[in-house]
file input_28.tsv (TSV, C-alpha atoms and all ligand atoms)
chain	number	residue	atom	x	y	z
A	151	MET	CA	78.27	20.87	245.53
A	152	THR	CA	77.34	24.56	245.84
A	153	ALA	CA	73.69	25.55	246.09
A	154	THR	CA	72.51	27.66	243.14
A	155	THR	CA	70.85	30.96	243.97
A	156	ASN	CA	67.47	31.78	242.48
A	157	PRO	CA	67.76	35.55	241.75
A	158	ASN	CA	63.96	35.95	241.82
A	159	LYS	CA	63.84	34.48	245.36
A	160	ALA	CA	66.92	36.42	246.50
A	161	LEU	CA	65.39	39.71	245.30
A	162	TRP	CA	62.25	39.30	247.42
A	163	GLU	CA	64.00	37.87	250.48
A	164	LYS	CA	66.22	40.95	250.48
A	165	GLY	CA	65.27	43.68	252.93
A	166	ASP	CA	61.83	43.34	254.49
A	167	PHE	CA	58.87	43.74	252.14
A	168	THR	CA	56.48	43.66	255.13
A	169	GLU	CA	57.48	47.30	255.79
A	170	ILE	CA	56.16	48.32	252.35
A	171	ALA	CA	53.16	45.99	252.54
A	172	ALA	CA	52.10	47.84	255.68
A	173	THR	CA	51.40	50.90	253.50
A	174	MET	CA	49.19	48.88	251.12
A	175	ARG	CA	46.75	47.22	253.56
A	176	GLU	CA	43.76	49.52	252.99
A	177	SER	CA	43.80	49.08	249.21
A	178	GLY	CA	44.31	45.32	249.68
A	179	GLU	CA	41.18	45.13	251.84
A	180	ALA	CA	39.18	47.28	249.40
A	181	LEU	CA	40.19	45.05	246.50
A	182	VAL	CA	39.27	41.86	248.37
A	183	ASP	CA	35.83	43.37	249.10
A	184	THR	CA	35.19	43.29	245.32
A	185	LEU	CA	36.09	39.60	244.89
A	186	ALA	CA	32.70	38.13	245.89
A	187	ILE	CA	34.34	35.83	248.45
A	188	THR	CA	31.97	33.37	250.08
A	189	GLU	CA	32.30	31.17	253.17
A	190	GLY	CA	34.40	28.08	252.54
A	191	MET	CA	35.58	29.15	249.07
A	192	ARG	CA	39.02	27.67	248.32
A	193	VAL	CA	41.34	30.57	247.47
A	194	LEU	CA	44.96	30.49	246.31
A	195	ASP	CA	46.77	33.79	246.87
A	196	LEU	CA	49.89	33.57	244.72
A	197	GLY	CA	52.89	35.81	245.40
A	198	CYS	CA	50.99	36.66	248.57
A	199	GLY	CA	53.78	38.39	250.51
A	200	ASP	CA	52.77	38.60	254.18
A	201	GLY	CA	49.07	38.48	253.32
A	202	THR	CA	47.85	41.96	252.40
A	203	THR	CA	45.03	40.31	250.41
A	204	ALA	CA	45.20	36.78	251.88
A	205	VAL	CA	44.29	38.00	255.39
A	206	PRO	CA	41.08	39.82	254.36
A	207	GLU	CA	40.15	36.87	252.10
A	208	ALA	CA	40.35	34.59	255.16
A	209	GLN	CA	38.50	37.13	257.31
A	210	LEU	CA	35.61	36.86	254.82
A	211	GLY	CA	35.47	33.11	255.48
A	212	ALA	CA	37.47	31.67	252.57
A	213	ASP	CA	39.82	28.73	253.05
A	214	VAL	CA	43.04	30.44	251.93
A	215	LEU	CA	46.45	29.16	250.91
A	216	GLY	CA	49.10	31.84	250.40
A	217	VAL	CA	52.05	30.78	248.27
A	218	ASP	CA	55.18	32.90	247.98
A	219	ILE	CA	58.77	32.36	246.87
A	220	ALA	CA	60.26	34.34	249.81
A	221	SER	CA	60.64	32.25	252.98
A	222	ASN	CA	60.79	35.35	255.25
A	223	LEU	CA	57.44	36.57	253.88
A	224	VAL	CA	55.86	33.12	254.28
A	225	ALA	CA	57.00	33.15	257.93
A	226	ALA	CA	55.65	36.69	258.41
A	227	GLY	CA	52.31	35.65	256.86
A	228	ASN	CA	51.98	32.61	259.11
A	229	ALA	CA	52.77	34.80	262.14
A	230	ARG	CA	50.01	37.25	261.12
A	231	ALA	CA	47.51	34.40	260.62
A	232	GLU	CA	48.33	33.02	264.08
A	233	GLU	CA	48.16	36.42	265.74
A	234	LEU	CA	44.75	37.04	264.14
A	235	GLY	CA	43.51	33.55	265.06
A	236	LEU	CA	42.81	32.71	261.40
A	237	THR	CA	42.88	28.89	261.29
A	238	ASN	CA	41.54	29.03	257.69
A	239	LEU	CA	44.71	30.74	256.41
A	240	ARG	CA	48.15	29.22	255.87
A	241	PHE	CA	51.22	30.27	253.93
A	242	GLU	CA	53.64	27.97	252.09
A	243	GLU	CA	56.79	28.53	250.13
A	244	GLY	CA	56.39	27.93	246.39
A	245	ASP	CA	57.26	29.26	242.95
A	246	ALA	CA	54.56	30.52	240.56
A	247	THR	CA	56.53	29.03	237.65
A	248	ASP	CA	56.05	25.53	239.08
A	249	LEU	CA	53.08	24.88	241.35
A	250	SER	CA	53.51	21.10	241.23
A	251	LEU	CA	52.82	21.01	244.99
A	252	LEU	CA	49.19	21.89	244.09
A	253	ASP	CA	46.62	19.60	242.44
A	254	ASP	CA	44.89	20.35	239.14
A	255	GLU	CA	41.54	22.18	239.38
A	256	SER	CA	41.72	22.66	243.15
A	257	PHE	CA	40.82	26.36	243.71
A	258	ASP	CA	37.57	28.34	243.34
A	259	LEU	CA	39.57	31.57	243.04
A	260	VAL	CA	43.22	32.33	242.30
A	261	VAL	CA	44.34	35.84	243.31
A	262	SER	CA	47.71	37.35	242.50
A	263	ILE	CA	48.11	41.03	243.31
A	264	PHE	CA	51.52	42.31	242.16
A	265	GLY	CA	52.75	38.75	242.80
A	266	ALA	CA	52.91	36.31	239.86
A	267	MET	CA	53.84	39.24	237.60
A	268	PHE	CA	57.31	39.12	239.20
A	269	ALA	CA	57.98	35.46	238.33
A	270	PRO	CA	60.06	34.64	235.26
A	271	ASN	CA	58.50	32.61	232.42
A	272	PRO	CA	55.11	34.38	232.15
A	273	PHE	CA	53.64	31.80	229.76
A	274	GLY	CA	54.48	29.01	232.24
A	275	VAL	CA	52.96	31.06	235.08
A	276	ALA	CA	49.69	31.61	233.16
A	277	LYS	CA	49.54	27.86	232.45
A	278	GLU	CA	50.07	26.99	236.12
A	279	MET	CA	47.41	29.45	237.31
A	280	ILE	CA	44.90	27.94	234.84
A	281	ARG	CA	45.83	24.38	235.79
A	282	VAL	CA	45.09	24.83	239.51
A	283	THR	CA	41.79	26.75	238.94
A	284	LYS	CA	38.52	24.77	238.86
A	285	PRO	CA	36.59	24.94	235.55
A	286	GLY	CA	34.10	27.83	235.63
A	287	CYS	CA	36.10	29.63	238.35
A	288	ARG	CA	38.19	32.83	238.29
A	289	ILE	CA	41.73	34.16	238.34
A	290	VAL	CA	42.19	37.81	239.39
A	291	MET	CA	45.57	39.48	238.91
A	292	GLY	CA	46.78	42.99	239.72
A	293	ASN	CA	49.70	44.08	237.53
A	294	TRP	CA	51.67	47.33	237.43
A	295	ILE	CA	51.47	49.13	234.07
A	296	PRO	CA	54.66	50.03	232.14
A	297	ASN	CA	55.36	53.72	231.46
A	298	ASP	CA	52.33	54.80	233.49
A	299	PRO	CA	52.75	58.30	234.97
A	300	THR	CA	51.82	57.10	238.50
A	301	LEU	CA	54.05	55.98	241.35
A	302	VAL	CA	55.20	52.41	240.80
A	303	ALA	CA	55.92	52.63	237.05
A	304	GLN	CA	57.88	55.82	237.73
A	305	ILE	CA	59.89	54.22	240.58
A	306	LEU	CA	60.80	51.40	238.17
A	307	LYS	CA	61.69	53.84	235.38
A	308	ILE	CA	63.90	56.01	237.61
A	309	SER	CA	65.53	52.92	239.19
A	310	ALA	CA	66.25	51.42	235.75
A	311	SER	CA	68.10	54.57	234.71
A	312	TYR	CA	70.59	53.99	237.58
A	313	SER	CA	70.90	50.20	237.00
A	314	PRO	CA	72.80	48.07	234.48
A	315	PRO	CA	70.72	46.74	231.56
A	316	PRO	CA	68.87	43.50	232.40
A	317	PRO	CA	70.36	40.21	231.17
A	318	GLU	CA	69.66	39.04	227.60
A	319	GLY	CA	66.22	37.42	227.34
A	320	PHE	CA	64.85	39.04	230.53
A	321	VAL	CA	61.08	39.61	230.29
A	322	SER	CA	60.07	42.67	232.29
A	323	PRO	CA	57.41	41.98	234.97
A	324	VAL	CA	55.43	45.03	233.82
A	325	THR	CA	54.72	43.35	230.46
A	326	TRP	CA	51.91	41.77	232.56
A	327	GLY	CA	50.40	45.28	232.69
A	328	VAL	CA	49.77	45.31	228.91
A	329	GLU	CA	46.44	43.81	227.84
A	330	GLU	CA	47.79	42.22	224.61
A	331	ASN	CA	50.44	40.32	226.58
A	332	VAL	CA	47.87	39.16	229.13
A	333	VAL	CA	45.59	37.88	226.36
A	334	GLU	CA	48.48	36.19	224.54
A	335	ARG	CA	49.62	34.39	227.73
A	336	PHE	CA	46.20	33.15	228.83
A	337	THR	CA	45.02	32.17	225.34
A	338	ALA	CA	48.25	30.16	225.00
A	339	ALA	CA	47.16	28.39	228.22
A	340	GLY	CA	43.86	27.46	226.52
A	341	VAL	CA	41.48	30.24	227.65
A	342	PRO	CA	39.19	31.78	224.98
A	343	GLU	CA	39.90	35.49	224.56
A	344	GLU	CA	36.34	36.52	225.50
A	345	ARG	CA	36.89	35.12	229.00
A	346	ILE	CA	39.74	37.56	229.69
A	347	SER	CA	39.02	41.13	230.78
A	348	CYS	CA	41.25	43.99	231.85
A	349	GLU	CA	40.53	47.31	233.55
A	350	ARG	CA	42.57	50.05	235.17
A	351	GLU	CA	42.21	50.51	238.92
A	352	THR	CA	44.06	52.38	241.67
A	353	TYR	CA	46.00	51.28	244.73
A	354	ASN	CA	47.07	53.74	247.43
A	355	PHE	CA	50.31	53.71	249.39
A	356	ASN	CA	49.44	55.19	252.80
A	357	SER	CA	51.99	56.04	255.44
A	358	PRO	CA	51.86	58.19	258.58
A	359	GLY	CA	55.25	59.82	257.82
A	360	SER	CA	56.34	62.21	255.07
A	361	PRO	CA	56.80	61.22	251.40
A	362	SER	CA	60.60	61.44	251.90
A	363	GLU	CA	60.35	59.00	254.82
A	364	LEU	CA	58.48	56.62	252.51
A	365	VAL	CA	61.39	56.88	250.03
A	366	THR	CA	63.70	55.91	252.88
A	367	ALA	CA	61.48	52.89	253.62
A	368	PHE	CA	61.75	51.78	249.97
A	369	ARG	CA	65.53	52.33	250.04
A	370	THR	CA	65.92	50.35	253.28
A	371	TYR	CA	63.40	47.52	252.83
A	372	TYR	CA	62.24	47.05	249.21
A	373	GLY	CA	64.53	44.62	247.31
A	374	PRO	CA	64.23	46.22	243.83
A	375	THR	CA	64.92	49.73	245.22
A	376	MET	CA	67.77	48.42	247.39
A	377	ASN	CA	69.34	46.91	244.24
A	378	ALA	CA	68.94	50.20	242.37
A	379	PHE	CA	70.73	52.07	245.19
A	380	GLU	CA	73.53	49.47	245.18
A	381	ALA	CA	73.95	49.89	241.42
A	382	ALA	CA	73.83	53.70	241.76
A	383	ALA	CA	76.48	53.58	244.53
A	384	SER	CA	78.94	51.91	242.17
A	385	ASN	CA	79.13	55.11	240.12
A	386	GLY	CA	78.33	57.78	242.69
A	387	GLY	CA	74.66	58.06	241.70
A	388	GLU	CA	73.05	57.46	245.11
A	389	ASP	CA	72.28	61.13	245.83
A	390	GLY	CA	70.80	61.59	242.36
A	391	LEU	CA	68.56	58.55	242.77
A	392	GLN	CA	67.45	59.68	246.24
A	393	ALA	CA	66.66	63.18	244.91
A	394	GLU	CA	64.67	61.89	241.91
A	395	LEU	CA	62.62	59.53	244.10
A	396	GLU	CA	61.95	62.23	246.71
A	397	LYS	CA	60.77	64.60	243.97
A	398	LEU	CA	58.48	61.89	242.57
A	399	PHE	CA	56.99	60.90	245.95
A	400	ASN	CA	56.45	64.51	247.02
A	401	GLU	CA	54.86	65.53	243.70
A	402	GLN	CA	52.48	62.56	243.71
A	403	ASN	CA	51.48	62.77	247.37
A	404	THR	CA	47.80	63.55	247.86
A	405	GLY	CA	47.87	63.17	251.66
A	406	ASN	CA	47.53	66.09	254.01
A	407	GLY	CA	50.07	65.88	256.85
A	408	ALA	CA	50.76	62.23	256.05
A	409	THR	CA	51.47	60.33	252.84
A	410	SER	CA	48.95	58.87	250.43
A	411	ILE	CA	50.14	58.18	246.91
A	412	PRO	CA	47.90	56.59	244.26
A	413	ALA	CA	49.23	54.13	241.69
A	414	SER	CA	47.35	52.73	238.69
A	415	PHE	CA	47.36	49.02	237.94
A	416	LEU	CA	45.75	46.64	235.45
A	417	ARG	CA	43.15	44.39	237.04
A	418	VAL	CA	42.93	41.18	235.04
A	419	THR	CA	40.01	38.75	235.40
A	420	VAL	CA	40.11	35.37	233.71
A	421	GLN	CA	37.14	33.02	233.74
A	422	ARG	CA	38.43	29.49	233.32
B	501	LIG	C1	55.23	43.40	245.35
B	501	LIG	S1	55.17	41.96	246.35
B	501	LIG	C2	53.38	41.77	246.55
B	501	LIG	C3	53.01	40.88	247.69
B	501	LIG	C4	51.51	40.77	247.99
B	501	LIG	N1	50.76	40.17	246.92
B	501	LIG	C5	50.94	42.10	248.38
B	501	LIG	O1	49.99	42.55	247.71
B	501	LIG	O2	51.44	42.68	249.34
B	501	LIG	C6	55.61	40.67	245.22
B	501	LIG	C7	55.54	39.29	245.84
B	501	LIG	O3	55.67	38.29	244.83
B	501	LIG	C8	56.50	37.27	245.34
B	501	LIG	N2	57.09	36.54	244.22
B	501	LIG	C9	58.00	37.00	243.33
B	501	LIG	N3	58.31	36.02	242.45
B	501	LIG	C10	57.57	34.93	242.80
B	501	LIG	C11	57.47	33.62	242.28
B	501	LIG	N4	58.21	33.21	241.24
B	501	LIG	N5	56.62	32.75	242.88
B	501	LIG	C12	55.89	33.13	243.97
B	501	LIG	N6	55.97	34.35	244.51
B	501	LIG	C13	56.79	35.26	243.93
B	501	LIG	C14	57.51	38.02	246.20
B	501	LIG	O4	58.19	37.21	247.10
B	501	LIG	C15	56.63	39.06	246.87
B	501	LIG	O5	56.07	38.60	248.06
call {"tool": "encode", "arguments": {"input": "input_28.tsv", "output": "structure tokens"}}
result
Amino acid sequence: MTATTNPNKALWEKGDFTEIAATMRESGEALVDTLAITEGMRVLDLGCGDGTTAVPEAQLGADVLGVDIASNLVAAGNARAEELGLTNLRFEEGDATDLSLLDDESFDLVVSIFGAMFAPNPFGVAKEMIRVTKPGCRIVMGNWIPNDPTLVAQILKISASYSPPPPEGFVSPVTWGVEENVVERFTAAGVPEERISCERETYNFNSPGSPSELVTAFRTYYGPTMNAFEAAASNGGEDGLQAELEKLFNEQNTGNGATSIPASFLRVTVQR
């Protein structure tokens, strides 16, 4: 019997997302500072990567479980927790579409920053996040916004123009960045609309090198960009894709001598 490949898992195990996550640590810490974390709070960080938000959550005293579909990122997260001596932080492999490894109503806070948005079956994901959250407690998501003029939406737009059309029935992850979709998904999971709120916030990608070097990091380590370059290579479009991304990163850079590029996202808060 041949093992079936989960394309969602394969995408994120490709390359090495930790290299991109390293540019997002400051914004991750700043976001966690706004979460009102208290000592001993049980936190689930879903689609946690190597712990950009899970690490600061644990440093504030929460009892944190990071769940991610990519086994290399789970291993990287556990290595960071050990290196930092954080015994209240552990990472496990799991899929946001099926959290059956977790009990009902077991977390005081569920956080998913650019994580669960990438799982297929968004209605199932919303239902699972609600199921594992204790009544009266919160879910906080960060979701990239479609067609936004800032960095990430533009990377996705440029990449899509060099890639084949997605398969029939594919639901784009950035639909999670549209308030009506968010409301539809969480109300379908049983949450009254007035307990769902959305606001725009900003994340910064900070890197000591030039904007063009950051493009190279995305091309070398970030699964979705690696796939776009592979698709572009099949029809000689690699140089065009590189040039468009370099133009974008350079135009949006606000750093002086280094790189700092802001990107807008939709912060979603759901009170269960
Ligand atoms: C853009 S990264 C963000 C990681 C992390 N939250 C951060 O802020 O650095 C997206 C993450 O979602 C994870 N992911 C994608 N699909 C998932 C799924 N179905 N279940 C759990 N994690 C998933 C990926 O493996 C990856 O670590």
call {"tool": "closest_residue", "arguments": {"input": "input_28.tsv", "among": "A:Thr188, A:Thr375, A:Thr337, A:Asn228", "to": "Gly201 of chain A", "atoms": "all atoms listed in the file"}}
result
A:Asn228
call {"tool": "residues_around", "arguments": {"input": "input_28.tsv", "residues": "Arg281 of chain A", "least_positions_apart": "2", "cutoff": "9 Å", "atoms": "all atoms listed in the file", "output": "short mmCIF file (atom, residue, chain, number, x, y, z; two decimals) with C-alpha atoms, keeping the file's coordinate frame"}}
result
data_model
loop_
_atom_site.label_atom_id
_atom_site.label_comp_id
_atom_site.auth_asym_id
_atom_site.auth_seq_id
_atom_site.Cartn_x
_atom_site.Cartn_y
_atom_site.Cartn_z
CA ASP A 253 46.62 19.60 242.44
CA ASP A 254 44.89 20.35 239.14
CA GLU A 255 41.54 22.18 239.38
CA SER A 256 41.72 22.66 243.15
CA ALA A 276 49.69 31.61 233.16
CA LYS A 277 49.54 27.86 232.45
CA GLU A 278 50.07 26.99 236.12
CA MET A 279 47.41 29.45 237.31
CA THR A 283 41.79 26.75 238.94
CA LYS A 284 38.52 24.77 238.86
CA ALA A 339 47.16 28.39 228.22
#
call {"tool": "residues_near_ligand", "arguments": {"input": "input_28.tsv", "ligand": "ligand LIG 501 (chain B)", "cutoff": "8 Å", "atoms": "all atoms listed in the file", "output": "MDAnalysis selection string"}}
result
chainID A and resid 158:159 161:163 167:168 170:171 174:175 178 195:203 217:220 223 243:247 262:270
call {"tool": "residues_near_point", "arguments": {"input": "input_28.tsv", "point": "(60.5, 49.5, 235.3)", "cutoff": "7 Å", "atoms": "only C-alpha atoms", "output": "number ranges by chain"}}
result
A: 296, 303, 306-307, 310, 324
call {"tool": "write_last_selection", "arguments": {"input": "input_28.tsv", "atoms": "C-alpha atoms", "output": "mmCIF file, in the frame of the given file"}}
result
data_model
loop_
_atom_site.group_PDB
_atom_site.id
_atom_site.type_symbol
_atom_site.label_atom_id
_atom_site.label_comp_id
_atom_site.auth_asym_id
_atom_site.auth_seq_id
_atom_site.Cartn_x
_atom_site.Cartn_y
_atom_site.Cartn_z
ATOM 1 C CA PRO A 296 54.660 50.030 232.140
ATOM 2 C CA ALA A 303 55.920 52.630 237.050
ATOM 3 C CA LEU A 306 60.800 51.400 238.170
ATOM 4 C CA LYS A 307 61.690 53.840 235.380
ATOM 5 C CA ALA A 310 66.250 51.420 235.750
ATOM 6 C CA VAL A 324 55.430 45.030 233.820
#
call {"tool": "axis_aligned_box", "arguments": {"input": "input_28.tsv", "around": "segment 274-284 of chain A", "padding_each_side": "6 Å", "output": "JSON"}}
result
{"center_x": 46.5, "center_y": 28.0, "center_z": 235.9, "size_x": 28.0, "size_y": 19.2, "size_z": 19.3}
call {"tool": "closest_residue", "arguments": {"input": "input_28.tsv", "among": "A:Arg350, A:Lys164, A:Arg288, A:Arg240", "to": "Leu416 of chain A", "atoms": "only C-alpha atoms"}}
result
A:Arg350
call {"tool": "atom_distance", "arguments": {"input": "input_28.tsv", "atom1": "atom CA of Val224 of chain A", "atom2": "atom CA of Ala212 of chain A"}}
result
18.5 Å
call {"tool": "atom_distance", "arguments": {"input": "input_28.tsv", "atom1": "atom CA of Glu233 of chain A", "atom2": "atom CA of Ile289 of chain A"}}
result
28.2 Å
call {"tool": "residues_near_point", "arguments": {"input": "input_28.tsv", "point": "(64.3, 62.7, 247.1)", "cutoff": "12 Å", "atoms": "all atoms listed in the file", "output": "PyMOL selection string"}}
result
chain A and resi 305+308+360-366+368-369+388-401
call {"tool": "atom_distance", "arguments": {"input": "input_28.tsv", "atom1": "atom CA of Val328 of chain A", "atom2": "atom CA of Ile295 of chain A"}}
result
6.6 Å
call {"tool": "closest_residue", "arguments": {"input": "input_28.tsv", "among": "A:Asp166, A:Asp298, A:Glu232, A:Glu344", "to": "Val205 of chain A", "atoms": "all atoms listed in the file"}}
result
A:Glu232
call {"tool": "closest_residue", "arguments": {"input": "input_28.tsv", "among": "A:Leu252, A:Val261, A:Ala413, A:Ser177", "to": "Ala204 of chain A", "atoms": "all atoms listed in the file"}}
result
A:Val261
